[in-house]
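Source file: target_10.tsv; contents: TSV, N, CA and C atoms.
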```tsv
chain	number	residue	atom	x	y	z
A	97	MET	N	-15.32	-9.79	21.80
A	97	MET	CA	-15.88	-11.12	21.75
A	97	MET	C	-16.97	-11.22	20.68
A	98	ILE	N	-17.85	-10.23	20.64
A	98	ILE	CA	-18.93	-10.24	19.66
A	98	ILE	C	-18.37	-10.14	18.25
A	99	LYS	N	-17.34	-9.31	18.07
A	99	LYS	CA	-16.73	-9.18	16.74
A	99	LYS	C	-16.13	-10.50	16.28
A	100	LYS	N	-15.52	-11.24	17.20
A	100	LYS	CA	-14.96	-12.55	16.86
A	100	LYS	C	-16.07	-13.51	16.44
A	101	GLN	N	-17.20	-13.45	17.16
A	101	GLN	CA	-18.33	-14.32	16.82
A	101	GLN	C	-18.88	-13.96	15.45
A	102	ILE	N	-19.01	-12.66	15.19
A	102	ILE	CA	-19.51	-12.21	13.89
A	102	ILE	C	-18.55	-12.66	12.80
A	103	ALA	N	-17.25	-12.48	13.03
A	103	ALA	CA	-16.25	-12.91	12.04
A	103	ALA	C	-16.36	-14.41	11.79
A	104	SER	N	-16.56	-15.17	12.85
A	104	SER	CA	-16.69	-16.62	12.71
A	104	SER	C	-17.93	-16.99	11.91
A	105	ILE	N	-19.03	-16.33	12.21
A	105	ILE	CA	-20.28	-16.59	11.49
A	105	ILE	C	-20.14	-16.22	10.03
A	106	LEU	N	-19.56	-15.05	9.75
A	106	LEU	CA	-19.36	-14.64	8.36
A	106	LEU	C	-18.44	-15.59	7.62
A	107	THR	N	-17.38	-15.99	8.28
A	107	THR	CA	-16.45	-16.93	7.66
A	107	THR	C	-17.15	-18.25	7.35
A	108	LEU	N	-17.90	-18.75	8.29
A	108	LEU	CA	-18.62	-20.01	8.09
A	108	LEU	C	-19.62	-19.88	6.95
A	109	SER	N	-20.40	-18.80	6.94
A	109	SER	CA	-21.39	-18.64	5.87
A	109	SER	C	-20.72	-18.51	4.52
A	110	PHE	N	-19.59	-17.83	4.49
A	110	PHE	CA	-18.84	-17.69	3.25
A	110	PHE	C	-18.36	-19.05	2.76
A	111	LEU	N	-17.80	-19.83	3.64
A	111	LEU	CA	-17.27	-21.14	3.26
A	111	LEU	C	-18.37	-22.09	2.82
A	112	LEU	N	-19.52	-22.00	3.44
A	112	LEU	CA	-20.64	-22.86	3.06
A	112	LEU	C	-21.20	-22.49	1.70
A	113	CYS	N	-21.17	-21.21	1.37
A	113	CYS	CA	-21.72	-20.76	0.10
A	113	CYS	C	-20.77	-21.03	-1.07
A	114	LEU	N	-19.52	-21.16	-0.77
A	114	LEU	CA	-18.52	-21.34	-1.82
A	114	LEU	C	-18.59	-22.75	-2.38
A	115	ASN	N	-18.74	-22.85	-3.70
A	115	ASN	CA	-18.92	-24.19	-4.27
A	115	ASN	C	-17.80	-24.57	-5.22
A	116	THR	N	-16.64	-23.98	-5.07
A	116	THR	CA	-15.54	-24.32	-5.95
A	116	THR	C	-14.75	-25.48	-5.37
A	117	VAL	N	-14.24	-26.31	-6.26
A	117	VAL	CA	-13.55	-27.52	-5.84
A	117	VAL	C	-12.12	-27.25	-5.41
A	118	ASN	N	-11.36	-26.49	-6.18
A	118	ASN	CA	-9.94	-26.31	-5.88
A	118	ASN	C	-9.63	-24.98	-5.22
A	119	ALA	N	-10.57	-24.45	-4.47
A	119	ALA	CA	-10.36	-23.16	-3.83
A	119	ALA	C	-9.98	-23.30	-2.36
A	120	GLN	N	-9.60	-24.49	-1.94
A	120	GLN	CA	-9.32	-24.71	-0.52
A	120	GLN	C	-8.20	-23.81	-0.01
A	121	GLU	N	-7.15	-23.64	-0.82
A	121	GLU	CA	-6.04	-22.78	-0.39
A	121	GLU	C	-6.51	-21.35	-0.20
A	122	GLU	N	-7.31	-20.85	-1.16
A	122	GLU	CA	-7.84	-19.50	-1.03
A	122	GLU	C	-8.77	-19.39	0.17
A	123	ASN	N	-9.60	-20.42	0.38
A	123	ASN	CA	-10.50	-20.43	1.54
A	123	ASN	C	-9.72	-20.37	2.83
A	124	ASP	N	-8.67	-21.18	2.91
A	124	ASP	CA	-7.85	-21.20	4.12
A	124	ASP	C	-7.19	-19.84	4.36
A	125	ARG	N	-6.68	-19.26	3.28
A	125	ARG	CA	-6.01	-17.96	3.40
A	125	ARG	C	-7.01	-16.90	3.89
A	126	LEU	N	-8.18	-16.87	3.29
A	126	LEU	CA	-9.19	-15.90	3.69
A	126	LEU	C	-9.69	-16.18	5.10
A	127	SER	N	-9.95	-17.43	5.39
A	127	SER	CA	-10.44	-17.79	6.72
A	127	SER	C	-9.43	-17.42	7.80
A	128	ASP	N	-8.16	-17.70	7.55
A	128	ASP	CA	-7.11	-17.34	8.51
A	128	ASP	C	-7.06	-15.84	8.72
A	129	CYS	N	-7.13	-15.10	7.63
A	129	CYS	CA	-7.07	-13.64	7.72
A	129	CYS	C	-8.28	-13.09	8.49
A	130	LEU	N	-9.47	-13.59	8.15
A	130	LEU	CA	-10.68	-13.11	8.83
A	130	LEU	C	-10.68	-13.46	10.31
A	131	SER	N	-10.13	-14.60	10.66
A	131	SER	CA	-10.15	-15.01	12.06
A	131	SER	C	-9.24	-14.14	12.93
A	132	THR	N	-8.28	-13.48	12.31
A	132	THR	CA	-7.39	-12.59	13.08
A	132	THR	C	-7.75	-11.12	12.90
A	133	ALA	N	-8.73	-10.85	12.07
A	133	ALA	CA	-9.14	-9.45	11.84
A	133	ALA	C	-9.79	-8.90	13.11
A	134	GLY	N	-9.37	-7.73	13.51
A	134	GLY	CA	-9.87	-7.16	14.75
A	134	GLY	C	-11.03	-6.20	14.58
A	135	ASN	N	-11.28	-5.78	13.36
A	135	ASN	CA	-12.37	-4.82	13.14
A	135	ASN	C	-12.88	-4.95	11.71
A	136	THR	N	-13.92	-4.20	11.43
A	136	THR	CA	-14.56	-4.27	10.11
A	136	THR	C	-13.58	-3.94	9.00
A	137	GLN	N	-12.79	-2.90	9.19
A	137	GLN	CA	-11.85	-2.50	8.15
A	137	GLN	C	-10.83	-3.60	7.85
A	138	SER	N	-10.30	-4.23	8.88
A	138	SER	CA	-9.33	-5.30	8.63
A	138	SER	C	-10.00	-6.52	7.99
A	139	MET	N	-11.27	-6.78	8.32
A	139	MET	CA	-12.00	-7.85	7.66
A	139	MET	C	-12.16	-7.54	6.18
A	140	ARG	N	-12.48	-6.29	5.89
A	140	ARG	CA	-12.64	-5.89	4.49
A	140	ARG	C	-11.32	-5.99	3.73
A	141	GLU	N	-10.23	-5.67	4.39
A	141	GLU	CA	-8.92	-5.77	3.74
A	141	GLU	C	-8.60	-7.22	3.39
A	142	CYS	N	-8.96	-8.15	4.27
A	142	CYS	CA	-8.78	-9.57	3.97
A	142	CYS	C	-9.54	-9.95	2.70
A	143	ILE	N	-10.77	-9.51	2.63
A	143	ILE	CA	-11.62	-9.83	1.48
A	143	ILE	C	-11.08	-9.16	0.22
A	144	PHE	N	-10.65	-7.90	0.32
A	144	PHE	CA	-10.12	-7.19	-0.84
A	144	PHE	C	-8.90	-7.88	-1.43
A	145	GLU	N	-8.08	-8.50	-0.57
A	145	GLU	CA	-6.92	-9.25	-1.07
A	145	GLU	C	-7.38	-10.39	-1.98
A	146	GLU	N	-8.40	-11.11	-1.57
A	146	GLU	CA	-8.93	-12.20	-2.39
A	146	GLU	C	-9.61	-11.67	-3.64
A	147	VAL	N	-10.36	-10.58	-3.50
A	147	VAL	CA	-11.01	-9.98	-4.66
A	147	VAL	C	-9.97	-9.61	-5.70
A	148	SER	N	-8.86	-9.07	-5.27
A	148	SER	CA	-7.79	-8.68	-6.19
A	148	SER	C	-7.26	-9.88	-6.97
A	149	VAL	N	-7.06	-10.99	-6.29
A	149	VAL	CA	-6.56	-12.21	-6.94
A	149	VAL	C	-7.55	-12.66	-8.02
A	150	TYR	N	-8.81	-12.74	-7.66
A	150	TYR	CA	-9.83	-13.23	-8.59
A	150	TYR	C	-10.14	-12.22	-9.69
A	151	ASP	N	-10.05	-10.95	-9.39
A	151	ASP	CA	-10.29	-9.93	-10.40
A	151	ASP	C	-9.23	-10.01	-11.50
A	152	LYS	N	-7.99	-10.23	-11.12
A	152	LYS	CA	-6.92	-10.38	-12.12
A	152	LYS	C	-7.17	-11.60	-13.00
A	153	LYS	N	-7.58	-12.70	-12.38
A	153	LYS	CA	-7.89	-13.90	-13.15
A	153	LYS	C	-9.05	-13.64	-14.11
A	154	LEU	N	-10.10	-12.99	-13.59
A	154	LEU	CA	-11.27	-12.72	-14.40
A	154	LEU	C	-10.90	-11.90	-15.63
A	155	ASN	N	-10.12	-10.85	-15.45
A	155	ASN	CA	-9.72	-10.01	-16.57
A	155	ASN	C	-8.87	-10.77	-17.58
A	156	LYS	N	-7.95	-11.56	-17.09
A	156	LYS	CA	-7.09	-12.36	-17.97
A	156	LYS	C	-7.93	-13.35	-18.78
A	157	TYR	N	-8.81	-14.06	-18.10
A	157	TYR	CA	-9.64	-15.07	-18.75
A	157	TYR	C	-10.63	-14.42	-19.73
A	158	TYR	N	-11.17	-13.28	-19.34
A	158	TYR	CA	-12.10	-12.57	-20.23
A	158	TYR	C	-11.42	-12.27	-21.57
A	159	LYS	N	-10.22	-11.74	-21.51
A	159	LYS	CA	-9.49	-11.40	-22.75
A	159	LYS	C	-9.23	-12.64	-23.59
A	160	LEU	N	-8.86	-13.74	-22.95
A	160	LEU	CA	-8.60	-14.98	-23.68
A	160	LEU	C	-9.87	-15.51	-24.35
A	161	ILE	N	-10.97	-15.50	-23.62
A	161	ILE	CA	-12.23	-15.98	-24.17
A	161	ILE	C	-12.68	-15.10	-25.32
A	162	LEU	N	-12.59	-13.80	-25.15
A	162	LEU	CA	-13.00	-12.87	-26.20
A	162	LEU	C	-12.18	-13.10	-27.46
A	163	GLN	N	-10.89	-13.30	-27.29
A	163	GLN	CA	-9.99	-13.56	-28.41
A	163	GLN	C	-10.41	-14.83	-29.16
A	164	GLU	N	-10.69	-15.88	-28.43
A	164	GLU	CA	-11.11	-17.15	-29.04
A	164	GLU	C	-12.49	-17.02	-29.69
A	165	ALA	N	-13.39	-16.33	-29.02
A	165	ALA	CA	-14.75	-16.17	-29.56
A	165	ALA	C	-14.72	-15.38	-30.86
A	166	LYS	N	-13.88	-14.36	-30.94
A	166	LYS	CA	-13.76	-13.57	-32.17
A	166	LYS	C	-13.29	-14.43	-33.34
A	167	LYS	N	-12.42	-15.39	-33.06
A	167	LYS	CA	-11.93	-16.29	-34.11
A	167	LYS	C	-13.07	-17.15	-34.65
A	168	GLU	N	-13.92	-17.61	-33.75
A	168	GLU	CA	-15.02	-18.50	-34.15
A	168	GLU	C	-16.16	-17.76	-34.81
A	169	ASN	N	-16.57	-16.66	-34.16
A	169	ASN	CA	-17.78	-15.98	-34.62
A	169	ASN	C	-17.86	-14.61	-33.95
A	170	PRO	N	-17.75	-13.53	-34.73
A	170	PRO	CA	-17.81	-12.19	-34.13
A	170	PRO	C	-19.11	-11.93	-33.35
A	171	GLU	N	-20.21	-12.52	-33.81
A	171	GLU	CA	-21.48	-12.34	-33.10
A	171	GLU	C	-21.42	-13.00	-31.72
A	172	MET	N	-20.79	-14.15	-31.66
A	172	MET	CA	-20.64	-14.83	-30.37
A	172	MET	C	-19.77	-14.00	-29.43
A	173	ALA	N	-18.74	-13.38	-29.97
A	173	ALA	CA	-17.88	-12.52	-29.15
A	173	ALA	C	-18.67	-11.35	-28.60
A	174	ASN	N	-19.53	-10.78	-29.42
A	174	ASN	CA	-20.36	-9.65	-28.97
A	174	ASN	C	-21.34	-10.10	-27.88
A	175	THR	N	-21.92	-11.27	-28.06
A	175	THR	CA	-22.83	-11.81	-27.04
A	175	THR	C	-22.10	-12.03	-25.73
A	176	PHE	N	-20.88	-12.54	-25.82
A	176	PHE	CA	-20.07	-12.74	-24.62
A	176	PHE	C	-19.79	-11.42	-23.92
A	177	LYS	N	-19.44	-10.40	-24.71
A	177	LYS	CA	-19.20	-9.06	-24.15
A	177	LYS	C	-20.43	-8.56	-23.41
A	178	GLN	N	-21.59	-8.69	-24.06
A	178	GLN	CA	-22.83	-8.22	-23.46
A	178	GLN	C	-23.16	-8.99	-22.18
A	179	SER	N	-22.87	-10.28	-22.16
A	179	SER	CA	-23.14	-11.05	-20.94
A	179	SER	C	-22.26	-10.58	-19.79
A	180	GLN	N	-21.02	-10.22	-20.11
A	180	GLN	CA	-20.13	-9.73	-19.06
A	180	GLN	C	-20.57	-8.37	-18.55
A	181	ILE	N	-21.02	-7.51	-19.45
A	181	ILE	CA	-21.54	-6.20	-19.04
A	181	ILE	C	-22.75	-6.38	-18.12
A	182	ALA	N	-23.64	-7.30	-18.49
A	182	ALA	CA	-24.82	-7.57	-17.66
A	182	ALA	C	-24.41	-8.13	-16.29
A	183	TRP	N	-23.42	-9.00	-16.28
A	183	TRP	CA	-22.93	-9.56	-15.01
A	183	TRP	C	-22.37	-8.46	-14.12
A	184	LEU	N	-21.58	-7.57	-14.71
A	184	LEU	CA	-21.01	-6.46	-13.94
A	184	LEU	C	-22.10	-5.57	-13.36
A	185	LYS	N	-23.13	-5.29	-14.16
A	185	LYS	CA	-24.25	-4.48	-13.66
A	185	LYS	C	-24.98	-5.20	-12.53
A	186	PHE	N	-25.21	-6.49	-12.70
A	186	PHE	CA	-25.88	-7.27	-11.67
A	186	PHE	C	-25.10	-7.21	-10.35
A	187	THR	N	-23.80	-7.46	-10.41
A	187	THR	CA	-23.02	-7.47	-9.18
A	187	THR	C	-22.99	-6.10	-8.52
A	188	GLU	N	-22.99	-5.06	-9.32
A	188	GLU	CA	-23.01	-3.69	-8.77
A	188	GLU	C	-24.34	-3.42	-8.07
A	189	HIS	N	-25.45	-3.79	-8.72
A	189	HIS	CA	-26.77	-3.59	-8.10
A	189	HIS	C	-26.91	-4.43	-6.83
A	190	ASN	N	-26.41	-5.64	-6.87
A	190	ASN	CA	-26.49	-6.50	-5.70
A	190	ASN	C	-25.70	-5.91	-4.54
A	191	LYS	N	-24.52	-5.40	-4.84
A	191	LYS	CA	-23.70	-4.77	-3.79
A	191	LYS	C	-24.43	-3.55	-3.22
A	192	ASN	N	-25.06	-2.77	-4.08
A	192	ASN	CA	-25.80	-1.60	-3.62
A	192	ASN	C	-26.95	-1.98	-2.70
A	193	PHE	N	-27.55	-3.14	-2.95
A	193	PHE	CA	-28.61	-3.63	-2.07
A	193	PHE	C	-28.07	-3.78	-0.64
A	194	TYR	N	-26.93	-4.45	-0.52
A	194	TYR	CA	-26.34	-4.63	0.81
A	194	TYR	C	-25.94	-3.30	1.43
A	195	LEU	N	-25.39	-2.42	0.62
A	195	LEU	CA	-24.91	-1.15	1.14
A	195	LEU	C	-26.03	-0.19	1.52
A	196	SER	N	-27.26	-0.48	1.07
A	196	SER	CA	-28.38	0.38	1.43
A	196	SER	C	-28.80	0.18	2.89
A	197	ASN	N	-28.32	-0.87	3.51
A	197	ASN	CA	-28.58	-1.12	4.93
A	197	ASN	C	-27.60	-0.33	5.78
A	198	SER	N	-28.00	-0.02	7.00
A	198	SER	CA	-27.08	0.69	7.88
A	198	SER	C	-26.31	-0.32	8.72
A	199	GLY	N	-25.13	0.08	9.12
A	199	GLY	CA	-24.28	-0.79	9.93
A	199	GLY	C	-23.08	-1.26	9.13
A	200	THR	N	-21.94	-1.28	9.78
A	200	THR	CA	-20.71	-1.62	9.08
A	200	THR	C	-20.63	-3.09	8.68
A	201	ILE	N	-21.37	-3.95	9.35
A	201	ILE	CA	-21.31	-5.37	9.01
A	201	ILE	C	-21.85	-5.62	7.60
A	202	TYR	N	-22.74	-4.75	7.12
A	202	TYR	CA	-23.26	-4.90	5.77
A	202	TYR	C	-22.18	-4.65	4.73
A	203	LEU	N	-21.18	-3.85	5.07
A	203	LEU	CA	-20.05	-3.65	4.17
A	203	LEU	C	-19.32	-4.98	3.96
A	204	VAL	N	-19.11	-5.69	5.06
A	204	VAL	CA	-18.43	-6.98	4.99
A	204	VAL	C	-19.29	-7.98	4.22
A	205	GLU	N	-20.58	-8.01	4.48
A	205	GLU	CA	-21.48	-8.91	3.77
A	205	GLU	C	-21.46	-8.62	2.27
A	206	ALA	N	-21.49	-7.34	1.90
A	206	ALA	CA	-21.45	-6.96	0.48
A	206	ALA	C	-20.15	-7.44	-0.15
A	207	ASP	N	-19.05	-7.27	0.55
A	207	ASP	CA	-17.75	-7.69	0.02
A	207	ASP	C	-17.67	-9.20	-0.14
A	208	LEU	N	-18.14	-9.93	0.86
A	208	LEU	CA	-18.12	-11.40	0.79
A	208	LEU	C	-19.01	-11.91	-0.34
A	209	ASN	N	-20.16	-11.27	-0.48
A	209	ASN	CA	-21.08	-11.66	-1.53
A	209	ASN	C	-20.44	-11.45	-2.90
A	210	TYR	N	-19.82	-10.29	-3.09
A	210	TYR	CA	-19.16	-10.00	-4.37
A	210	TYR	C	-18.03	-11.00	-4.63
A	211	LEU	N	-17.25	-11.31	-3.61
A	211	LEU	CA	-16.17	-12.27	-3.77
A	211	LEU	C	-16.72	-13.62	-4.23
A	212	GLY	N	-17.81	-14.05	-3.65
A	212	GLY	CA	-18.43	-15.31	-4.06
A	212	GLY	C	-18.85	-15.30	-5.52
A	213	TYR	N	-19.48	-14.20	-5.95
A	213	TYR	CA	-19.86	-14.08	-7.36
A	213	TYR	C	-18.63	-14.08	-8.26
A	214	LEU	N	-17.60	-13.39	-7.83
A	214	LEU	CA	-16.37	-13.30	-8.61
A	214	LEU	C	-15.72	-14.68	-8.75
A	215	GLN	N	-15.66	-15.42	-7.67
A	215	GLN	CA	-15.08	-16.76	-7.73
A	215	GLN	C	-15.88	-17.68	-8.65
A	216	THR	N	-17.19	-17.58	-8.58
A	216	THR	CA	-18.04	-18.39	-9.45
A	216	THR	C	-17.84	-18.02	-10.91
A	217	ARG	N	-17.74	-16.73	-11.19
A	217	ARG	CA	-17.54	-16.28	-12.58
A	217	ARG	C	-16.19	-16.75	-13.11
A	218	VAL	N	-15.17	-16.70	-12.29
A	218	VAL	CA	-13.85	-17.19	-12.70
A	218	VAL	C	-13.95	-18.67	-13.05
A	219	LYS	N	-14.66	-19.45	-12.25
A	219	LYS	CA	-14.83	-20.88	-12.54
A	219	LYS	C	-15.57	-21.07	-13.87
A	220	GLU	N	-16.57	-20.25	-14.14
A	220	GLU	CA	-17.28	-20.33	-15.42
A	220	GLU	C	-16.32	-20.06	-16.57
A	221	PHE	N	-15.50	-19.03	-16.41
A	221	PHE	CA	-14.54	-18.69	-17.46
A	221	PHE	C	-13.51	-19.81	-17.65
A	222	GLU	N	-13.08	-20.43	-16.56
A	222	GLU	CA	-12.14	-21.54	-16.67
A	222	GLU	C	-12.77	-22.69	-17.46
A	223	ALA	N	-14.05	-22.95	-17.24
A	223	ALA	CA	-14.74	-24.01	-17.97
A	223	ALA	C	-14.83	-23.66	-19.46
A	224	ILE	N	-15.12	-22.41	-19.77
A	224	ILE	CA	-15.18	-21.98	-21.17
A	224	ILE	C	-13.81	-22.14	-21.83
A	225	LEU	N	-12.78	-21.69	-21.14
A	225	LEU	CA	-11.43	-21.82	-21.69
A	225	LEU	C	-11.06	-23.29	-21.89
A	226	ASN	N	-11.49	-24.13	-20.99
A	226	ASN	CA	-11.26	-25.56	-21.13
A	226	ASN	C	-11.93	-26.10	-22.39
A	227	MET	N	-13.13	-25.61	-22.70
A	227	MET	CA	-13.82	-26.02	-23.93
A	227	MET	C	-13.02	-25.61	-25.16
A	228	TYR	N	-12.32	-24.49	-25.07
A	228	TYR	CA	-11.46	-24.03	-26.17
A	228	TYR	C	-10.11	-24.75	-26.17
A	229	GLY	N	-9.88	-25.61	-25.20
A	229	GLY	CA	-8.62	-26.33	-25.12
A	229	GLY	C	-7.50	-25.53	-24.50
A	230	ILE	N	-7.85	-24.47	-23.79
A	230	ILE	CA	-6.86	-23.62	-23.13
A	230	ILE	C	-6.83	-23.98	-21.65
A	231	LYS	N	-5.68	-24.43	-21.21
A	231	LYS	CA	-5.52	-24.79	-19.80
A	231	LYS	C	-5.11	-23.56	-19.00
A	232	VAL	N	-5.72	-23.41	-17.85
A	232	VAL	CA	-5.39	-22.29	-16.96
A	232	VAL	C	-4.88	-22.86	-15.65
A	233	GLU	N	-3.92	-22.18	-15.10
A	233	GLU	CA	-3.26	-22.55	-13.84
A	233	GLU	C	-3.31	-24.01	-13.64
```
Take the structure in the file and give it back as structure tokens.
Amino acid sequence: MIKKQIASILTLSFLLCLNTVNAQEENDRLSDCLSTAGNTQSMRECIFEEVSVYDKKLNKYYKLILQEAKKENPEMANTFKQSQIAWLKFTEHNKNFYLSNSGTIYLVEADLNYLGYLQTRVKEFEAILNMYGIKVE
């Protein structure tokens, strides 16, 4: 019973923090998966499935943006690369903050937090690609 309540609270906090407009399908998929997860590991597996989807998008979009930026200005491409490196370092340090706490629920919190950052970054990349006139999904 307590695990179900924790899962519900985590799901609710995740959905409230998410500020993407067209992510309802992903939210529903994750929410459905989390609501049936029976333990921490299965909750993490639900989150990892979503992370995988967004990670693929992020990598694809990164390559497209870098390609376009190189055409416009090599210095801009380098700045973009550096910003992505800094973002990756930030997310890693942030995850380590959560993982420095004891208790398995912090693993889930770290994963949800990373997923939120990943979704936001994908949206940023989609906006950049849109500025270049490249339509995504």
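What separates CA of Ser148 (chain A) from CA of Thr187 (chain A) is a distance of 15.6 Å.
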One-decimal distance in Å that lies between atom C of Val218 (chain A) and atom N of Gly134 (chain A):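 It comes out at 29.1 Å.
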Measure the distance from CA of Phe176 (chain A) to CA of Ile224 (chain A) in Å and round it to one decimal. 11.0 Å
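In this comparison, which uses only C-alpha atoms, the residue of A:Gln163, A:Lys153, A:Leu195, A:Ala206 approaching Glu220 (chain A) most closely is A:Lys153.
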Grab all the atoms of region 145-162 of chain A that the file lists, wrap them in a box along x, y and z, add 4 Å per side, and give me centre plus edge lengths in Å (one decimal) as JSON.
```
{"center_x": -9.8, "center_y": -12.2, "center_z": -14.0, "size_x": 14.4, "size_y": 15.5, "size_z": 34.9}
```
Could you check the closest approach to Gln180 (chain A) for each of A:Val147, A:Ala223, A:Leu214, A:Ala133 and tell me which residue wins, using only C-alpha atoms?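 That would be A:Leu214, the residue with the smallest distance to Gln180 (chain A).
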Residues of chain A classed as alpha helix (DSSP H) by DSSP on the backbone are to be reported as a ChimeraX atom specification. /A:98-113,120-132,136-168,170-195,201-227
Rank A:Ala165, A:Met139, A:Ala173, A:Ala182 by their smallest atom-to-atom distance to Val204 (chain A), using all atoms listed in the file, and report the top residue only.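 With all atoms listed in the file as the atom set, the closest residue is A:Met139.
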Which of these residues is nearest to Glu233 (chain A), using only C-alpha atoms: A:Ser127, A:Lys156, A:Ile201, A:Arg140? A:Lys156
Nearest-residue call for Gln137 (chain A), choices A:Thr200, A:Asn174, A:Asn155, A:Ser179, using all atoms listed in the file: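 Smallest separation from Gln137 (chain A) among the options: A:Thr200.
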Residues near Leu154 (chain A), anyone? I mean within 8 Å using all atoms listed in the file, not counting same-chain ones fewer than 3 positions away, as a list of chain:residue names. A:Ser148, A:Val149, A:Tyr150, A:Asp151, A:Tyr157, A:Tyr158, A:Lys159, A:Leu160, A:Leu214, A:Arg217, A:Val218, A:Lys219, A:Phe221
Nearest-residue call for Asn209 (chain A), choices A:Glu168, A:Asn190, A:Met227, A:Asp124, using all atoms listed in the file: A:Asn190
